[in-house]
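> Sharing final.txt here; it has compact mmCIF, C-alpha atoms.
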```
# COMPACT_ATOMS: atom_id res chain seq x y z
CA LEU A 203 27.40 9.02 -14.44
CA THR A 204 24.20 10.25 -12.84
CA VAL A 205 22.56 13.25 -14.45
CA TYR A 206 20.10 15.27 -12.39
CA TYR A 207 17.52 17.22 -14.31
CA PRO A 208 14.32 19.07 -13.39
CA PRO A 209 11.05 17.17 -13.72
CA ASP A 210 9.56 19.79 -16.07
CA LEU A 211 11.75 20.27 -19.13
CA ARG A 212 9.35 22.54 -21.09
CA GLY A 213 11.56 25.52 -20.29
CA GLY A 214 14.78 23.62 -20.91
CA THR A 215 17.73 23.37 -18.57
CA SER A 216 21.45 23.91 -18.57
CA GLN A 217 23.74 22.66 -15.83
CA SER A 218 27.05 20.91 -15.33
CA ALA A 219 26.95 17.12 -15.32
CA TRP A 220 28.38 16.97 -11.79
CA GLU A 221 25.89 19.48 -10.34
CA ILE A 222 23.13 18.26 -8.04
CA PRO A 223 20.29 20.79 -7.88
CA PRO A 224 19.03 21.72 -4.39
CA ASN A 225 15.57 20.29 -5.09
CA ASN A 226 17.15 16.85 -5.69
CA ALA A 227 18.99 17.02 -2.35
CA TYR A 228 15.71 18.03 -0.68
CA GLN A 229 13.68 15.25 -2.29
CA PHE A 230 16.30 12.65 -1.37
CA GLY A 231 16.47 13.85 2.24
CA TRP A 232 12.67 13.90 2.59
CA TYR A 233 12.27 10.45 1.05
CA VAL A 234 14.85 8.75 3.29
CA TRP A 235 13.95 10.62 6.52
CA GLN A 236 10.24 9.89 6.13
CA ARG A 237 10.88 6.20 5.48
CA LEU A 238 13.25 5.96 8.45
CA ASN A 239 10.64 7.47 10.76
CA ARG A 240 7.61 5.49 9.57
CA TRP A 241 6.72 2.83 12.13
CA PRO A 242 3.32 1.46 11.06
CA ASN A 243 3.13 -1.51 13.46
CA ASN A 244 5.63 -1.36 16.32
CA GLY A 245 8.52 1.09 16.69
CA GLU A 246 10.78 -1.49 18.28
CA ALA A 247 10.70 -3.71 15.20
CA ASP A 248 9.94 -1.13 12.49
CA TYR A 249 12.61 1.42 13.45
CA LYS A 250 15.32 -1.27 13.70
CA ARG A 251 14.30 -2.70 10.33
CA ASN A 252 14.29 0.79 8.73
CA ILE A 253 17.76 1.60 10.06
CA HIS A 254 19.07 -1.63 8.52
CA ALA A 255 17.15 -1.34 5.21
CA LEU A 256 18.19 2.29 4.63
CA ARG A 257 21.85 1.75 5.49
CA PRO A 258 23.02 2.37 1.87
CA TYR A 259 21.41 5.83 2.11
CA MET A 260 23.30 6.85 5.28
CA THR A 261 26.91 7.65 6.01
CA PRO A 262 28.59 5.09 8.30
CA SER A 263 28.72 7.62 11.17
CA CYS A 264 25.02 8.42 10.80
CA HIS A 265 24.16 4.72 10.74
CA ARG A 266 26.12 4.16 13.98
CA SER A 267 24.46 7.19 15.57
CA LEU A 268 20.97 5.94 14.67
CA GLU A 269 21.75 2.45 16.00
CA GLN A 270 22.88 4.01 19.30
CA GLU A 271 19.76 6.17 19.45
CA TYR A 272 17.62 3.11 18.78
CA GLU A 273 19.23 1.19 21.66
CA GLN A 274 18.79 4.12 24.06
CA ARG A 275 15.13 4.53 23.12
CA ARG A 276 14.52 0.78 23.31
CA ARG A 277 16.06 0.57 26.80
CA ARG A 278 13.85 3.46 27.96
CA GLY A 279 10.76 1.66 26.61
CA GLU A 280 9.97 4.39 24.07
CA LEU A 281 9.52 2.11 21.05
CA ASP A 282 7.57 -1.03 21.99
CA GLY A 283 3.97 -0.70 20.87
CA ARG A 284 4.48 2.80 19.43
CA THR A 285 3.61 3.75 15.86
CA ARG A 286 4.87 6.85 14.10
CA GLY A 287 4.33 8.73 10.90
CA MET A 288 5.82 11.89 9.38
CA TYR A 289 4.37 14.13 6.72
CA GLU A 290 5.27 17.42 5.09
CA ILE A 291 3.38 20.32 6.58
CA PRO A 292 0.99 21.51 3.84
CA GLY A 293 2.49 24.54 2.11
CA ARG A 294 5.90 23.92 3.73
CA GLY A 295 7.44 21.53 1.20
CA TYR A 296 10.39 22.48 -1.00
CA ARG A 297 10.78 26.25 -1.25
CA PRO A 298 13.57 27.54 -3.56
CA GLY A 299 16.09 29.62 -1.63
CA GLU A 300 14.70 28.52 1.78
CA SER A 301 14.59 24.74 2.08
CA VAL A 302 18.17 23.93 1.10
CA GLU A 303 21.43 25.61 2.02
CA ILE A 304 24.28 24.64 -0.28
CA LEU A 305 27.31 23.94 1.93
CA SER A 306 29.60 22.82 -0.91
CA ASP A 307 29.43 21.05 -4.28
CA ASP A 308 29.07 17.82 -2.29
CA SER A 309 26.93 18.72 0.74
CA TRP A 310 23.63 20.40 1.55
CA LEU A 311 21.67 21.37 4.64
CA VAL A 312 18.08 20.33 3.96
CA LYS A 313 15.44 21.95 6.17
CA LEU A 314 12.45 19.63 6.46
CA ASP A 315 9.32 21.13 8.05
CA LEU A 316 7.38 18.05 9.10
CA GLY A 317 4.40 16.96 11.10
CA VAL A 318 4.92 13.98 13.41
CA GLU A 319 2.17 11.78 14.80
CA GLU A 320 2.82 9.03 17.34
CA HIS A 321 0.37 6.53 18.82
CA TYR A 322 0.64 3.91 21.54
CA ALA A 323 -1.83 1.02 21.37
CA GLY A 324 -3.97 3.09 18.99
CA THR A 325 -4.08 6.13 21.30
CA PRO A 326 -2.47 9.40 20.14
CA VAL A 327 0.46 10.27 22.43
CA ARG A 328 2.32 12.97 20.48
CA GLU A 329 1.59 15.28 17.61
CA PHE A 330 3.83 18.20 16.70
CA TYR A 331 5.46 20.16 13.90
CA ALA A 332 9.25 20.36 13.73
CA ARG A 333 12.06 21.53 11.49
CA TYR A 334 14.67 18.83 10.91
CA PRO A 335 18.03 20.25 9.71
CA LEU A 336 19.22 17.24 7.73
CA ARG A 337 22.71 17.06 6.25
CA VAL A 338 22.87 15.40 2.82
CA VAL A 339 26.19 14.53 1.17
CA ARG A 340 27.31 13.22 -2.20
CA ALA A 341 28.63 9.68 -1.88
CA ASN A 342 30.56 7.40 -4.19
CA VAL A 343 28.54 4.29 -3.42
CA ASP A 344 27.25 1.20 -5.20
CA ALA A 345 24.62 2.47 -7.66
CA ASP A 346 22.70 -0.82 -7.40
CA ASN A 347 22.06 -0.18 -3.69
CA ASN A 348 21.84 3.63 -3.85
CA PRO A 349 21.07 5.04 -7.31
CA TRP A 350 20.83 8.61 -5.93
CA GLY A 351 24.56 8.81 -5.16
CA LEU A 352 23.61 10.74 -2.00
CA GLN A 353 23.59 9.85 1.69
CA ILE A 354 22.06 11.24 4.86
CA ASP A 355 24.71 12.43 7.31
CA CYS A 356 22.09 12.79 10.08
CA LEU A 357 20.95 16.02 11.67
CA GLU A 358 23.03 19.18 11.68
CA GLY A 359 22.02 20.24 15.18
CA GLU A 360 18.76 19.61 16.99
CA ALA A 361 15.32 19.39 15.45
CA ARG A 362 13.33 22.48 16.45
CA ARG A 363 9.66 22.42 17.27
CA LEU A 364 7.62 24.81 15.12
CA VAL A 365 4.94 26.99 16.64
CA THR A 366 1.67 27.12 14.70
CA ASP A 367 -1.12 29.66 14.74
CA PRO A 368 -4.83 28.66 14.92
CA GLU A 369 -5.02 28.39 11.11
CA GLY A 370 -2.18 25.86 11.15
CA GLN A 371 0.49 28.12 9.64
CA SER A 372 3.94 27.45 11.07
CA SER A 373 5.89 30.40 12.34
CA ALA A 374 8.82 30.96 14.69
CA GLU A 375 10.85 28.05 15.94
CA GLU A 376 10.56 26.97 19.55
CA GLU A 377 12.59 24.56 21.69
CA ALA A 378 14.65 21.62 20.49
CA GLU A 379 12.73 18.39 19.98
```
Reformat the file's structure so that it appears as structure tokens.

Amino acid sequence: LTVYYPPDLRGGTSQSAWEIPPNNAYQFGWYVWQRLNRWPNNGEADYKRNIHALRPYMTPSCHRSLEQEYEQRRRRGELDGRTRGMYEIPGRGYRPGESVEILSDDSWLVKLDLGVEEHYAGTPVREFYARYPLRVVRANVDADNNPWGLQIDCLEGEARRLVTDPEGQSSAEEEAE
């Protein structure tokens, strides 16, 4: 039995044992998605290793989809020598009522507003803000390999580029990324 509780218990809490609060689904999605998309040395090796290492945190269909995406990107030469990092846009982390849509007792749509930076041979090649609509599902999996009891079911639609104003505040969504 996994019990999810808020990090600050000063005000107390009351919830059903089976309930997973939206902030837990968000934190799980952010943690796994950021790790998957962190390529500190070389995207060709790092991305492949991340897909394999994070397999317990993905549904089988998502894992297959990511492996296919990896192969397509590798064949097009998009990964070799490329580094990548993702970070939460300041002020755009978890927002109650906005960041997570509860689809059912066992699934959530997590909206991650993230900054992405990519470099090739130390030279910046891409930097953008995007909203990633990540599907998170409850999973009956081996707790030793996945203590969260949740899995990423990949994106629910396309990531959308976010437009920012001169002060860096994100606003309306733009084209798919």
> Determine, counting only C-alpha atoms, which protein, DNA and RNA residues have an atom within 8 Å of an atom of Ala341 (chain A); residues of the same chain fewer than 6 positions away are not included. Present the result as number ranges by chain.
A: 351-353
> Separation of CA of Arg276 (chain A) and CA of Cys264 (chain A), in Å?
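So the two atoms, CA of Arg276 (chain A) and CA of Cys264 (chain A), lie 18.0 Å apart.
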> Which residues are near Asp315 (chain A)? Cut-off 12 Å, all atoms listed in the file, ignore same chain within fewer than 2 positions. Put them as a PyMOL selection string.
chain A and resi 228+231-232+235-236+288-297+300-302+312-313+317-318+330-336+361-366+371-375
> Provide the CA of Glu329 (chain A) to CA of Arg240 (chain A) distance in Å, to one decimal place.
14.0 Å
> Compare A:Arg328, A:Arg284, A:Arg337, A:His321 by their minimum atom-to-atom distance to Asp248 (chain A), counting only C-alpha atoms, and give me the closest one.
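Checking each candidate against Asp248 (chain A), we get A:Arg284 as the closest.
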> Between A:Leu314, A:Ile354, A:Leu268, A:Val234, which residue has the minimum interatomic distance to Arg340 (chain A), considering all atoms listed in the file?
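Result for the nearest residue to Arg340 (chain A): A:Ile354.
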> Name the closest residue to Pro258 (chain A) among the candidates A:Glu360, A:Glu319, A:Asp344, A:Asp355; distances are taken between atoms, counting all atoms listed in the file.
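Among the listed residues, the smallest separation from Pro258 (chain A) belongs to A:Asp344.
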> For each of A:Asn225, A:Tyr272, A:Leu281, A:Ser267, take the minimum atom-to-atom distance to Glu246 (chain A), counting all atoms listed in the file, then give the residue where this is smallest.
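Of A:Asn225, A:Tyr272, A:Leu281, A:Ser267, the one nearest Glu246 (chain A) is A:Leu281, counting all atoms listed in the file.
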> Which distance in Å separates CA of Ala255 (chain A) and CA of Glu280 (chain A), to one decimal?
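Distance between the two atoms: 21.0 Å.
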> If you take every atom of region 227-244 of chain A that the file lists and fit an axis-aligned box around them with 3 Å extra on each side, what centre and edge lengths come out in Å to one decimal, as lines of an AutoDock Vina configuration file?

```
center_x = 11.1
center_y = 8.3
center_z = 7.0
size_x = 21.9
size_y = 25.5
size_z = 24.7
```
> Counting only C-alpha atoms, which of A:Leu316, A:Leu311, A:Ala247, A:Cys356 gets nearest to Gly299 (chain A)?
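Smallest distance to Gly299 (chain A) is found for A:Leu311.
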> Pick the closest to Asn342 (chain A) from A:Asp308, A:Glu269, A:Phe230, A:Arg275: which is it, counting all atoms listed in the file?
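Result for the nearest residue to Asn342 (chain A): A:Asp308.
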> Could you rebuild region 325-342 of chain A with N, CA and C atoms and give it back as a PDB file, in the frame of the given file?

```pdb
ATOM      1  N   THR A 325      -3.758   4.855  20.666  1.00  0.00           N
ATOM      2  CA  THR A 325      -4.080   6.130  21.300  1.00  0.00           C
ATOM      3  C   THR A 325      -3.035   7.174  20.939  1.00  0.00           C
ATOM      4  N   PRO A 326      -3.459   8.345  20.445  1.00  0.00           N
ATOM      5  CA  PRO A 326      -2.470   9.400  20.140  1.00  0.00           C
ATOM      6  C   PRO A 326      -1.701   9.796  21.394  1.00  0.00           C
ATOM      7  N   VAL A 327      -0.362   9.853  21.289  1.00  0.00           N
ATOM      8  CA  VAL A 327       0.460  10.270  22.430  1.00  0.00           C
ATOM      9  C   VAL A 327       1.286  11.522  22.124  1.00  0.00           C
ATOM     10  N   ARG A 328       1.569  11.776  20.862  1.00  0.00           N
ATOM     11  CA  ARG A 328       2.320  12.970  20.480  1.00  0.00           C
ATOM     12  C   ARG A 328       1.917  13.401  19.086  1.00  0.00           C
ATOM     13  N   GLU A 329       1.797  14.707  18.931  1.00  0.00           N
ATOM     14  CA  GLU A 329       1.590  15.280  17.610  1.00  0.00           C
ATOM     15  C   GLU A 329       2.222  16.668  17.641  1.00  0.00           C
ATOM     16  N   PHE A 330       3.136  16.922  16.713  1.00  0.00           N
ATOM     17  CA  PHE A 330       3.830  18.200  16.700  1.00  0.00           C
ATOM     18  C   PHE A 330       4.393  18.474  15.319  1.00  0.00           C
ATOM     19  N   TYR A 331       4.757  19.738  15.099  1.00  0.00           N
ATOM     20  CA  TYR A 331       5.460  20.160  13.900  1.00  0.00           C
ATOM     21  C   TYR A 331       6.901  20.464  14.300  1.00  0.00           C
ATOM     22  N   ALA A 332       7.845  20.091  13.427  1.00  0.00           N
ATOM     23  CA  ALA A 332       9.250  20.360  13.730  1.00  0.00           C
ATOM     24  C   ALA A 332      10.027  20.597  12.445  1.00  0.00           C
ATOM     25  N   ARG A 333      11.119  21.347  12.591  1.00  0.00           N
ATOM     26  CA  ARG A 333      12.060  21.530  11.490  1.00  0.00           C
ATOM     27  C   ARG A 333      13.257  20.633  11.771  1.00  0.00           C
ATOM     28  N   TYR A 334      13.534  19.751  10.814  1.00  0.00           N
ATOM     29  CA  TYR A 334      14.670  18.830  10.910  1.00  0.00           C
ATOM     30  C   TYR A 334      15.774  19.335   9.988  1.00  0.00           C
ATOM     31  N   PRO A 335      16.911  19.783  10.536  1.00  0.00           N
ATOM     32  CA  PRO A 335      18.030  20.250   9.710  1.00  0.00           C
ATOM     33  C   PRO A 335      18.905  19.058   9.301  1.00  0.00           C
ATOM     34  N   LEU A 336      18.607  18.480   8.180  1.00  0.00           N
ATOM     35  CA  LEU A 336      19.220  17.240   7.730  1.00  0.00           C
ATOM     36  C   LEU A 336      20.402  17.517   6.803  1.00  0.00           C
ATOM     37  N   ARG A 337      21.522  16.902   7.092  1.00  0.00           N
ATOM     38  CA  ARG A 337      22.710  17.060   6.250  1.00  0.00           C
ATOM     39  C   ARG A 337      22.710  15.943   5.199  1.00  0.00           C
ATOM     40  N   VAL A 338      22.825  16.338   3.939  1.00  0.00           N
ATOM     41  CA  VAL A 338      22.870  15.400   2.820  1.00  0.00           C
ATOM     42  C   VAL A 338      24.217  15.588   2.134  1.00  0.00           C
ATOM     43  N   VAL A 339      24.876  14.469   1.810  1.00  0.00           N
ATOM     44  CA  VAL A 339      26.190  14.530   1.170  1.00  0.00           C
ATOM     45  C   VAL A 339      26.222  13.652  -0.075  1.00  0.00           C
ATOM     46  N   ARG A 340      27.064  14.052  -1.018  1.00  0.00           N
ATOM     47  CA  ARG A 340      27.310  13.220  -2.200  1.00  0.00           C
ATOM     48  C   ARG A 340      28.163  12.033  -1.743  1.00  0.00           C
ATOM     49  N   ALA A 341      27.895  10.868  -2.297  1.00  0.00           N
ATOM     50  CA  ALA A 341      28.630   9.680  -1.880  1.00  0.00           C
ATOM     51  C   ALA A 341      28.947   8.811  -3.101  1.00  0.00           C
ATOM     52  N   ASN A 342      30.159   8.327  -3.145  1.00  0.00           N
ATOM     53  CA  ASN A 342      30.560   7.400  -4.190  1.00  0.00           C
ATOM     54  C   ASN A 342      30.252   6.001  -3.689  1.00  0.00           C
TER      55      ASN A 342
END
```
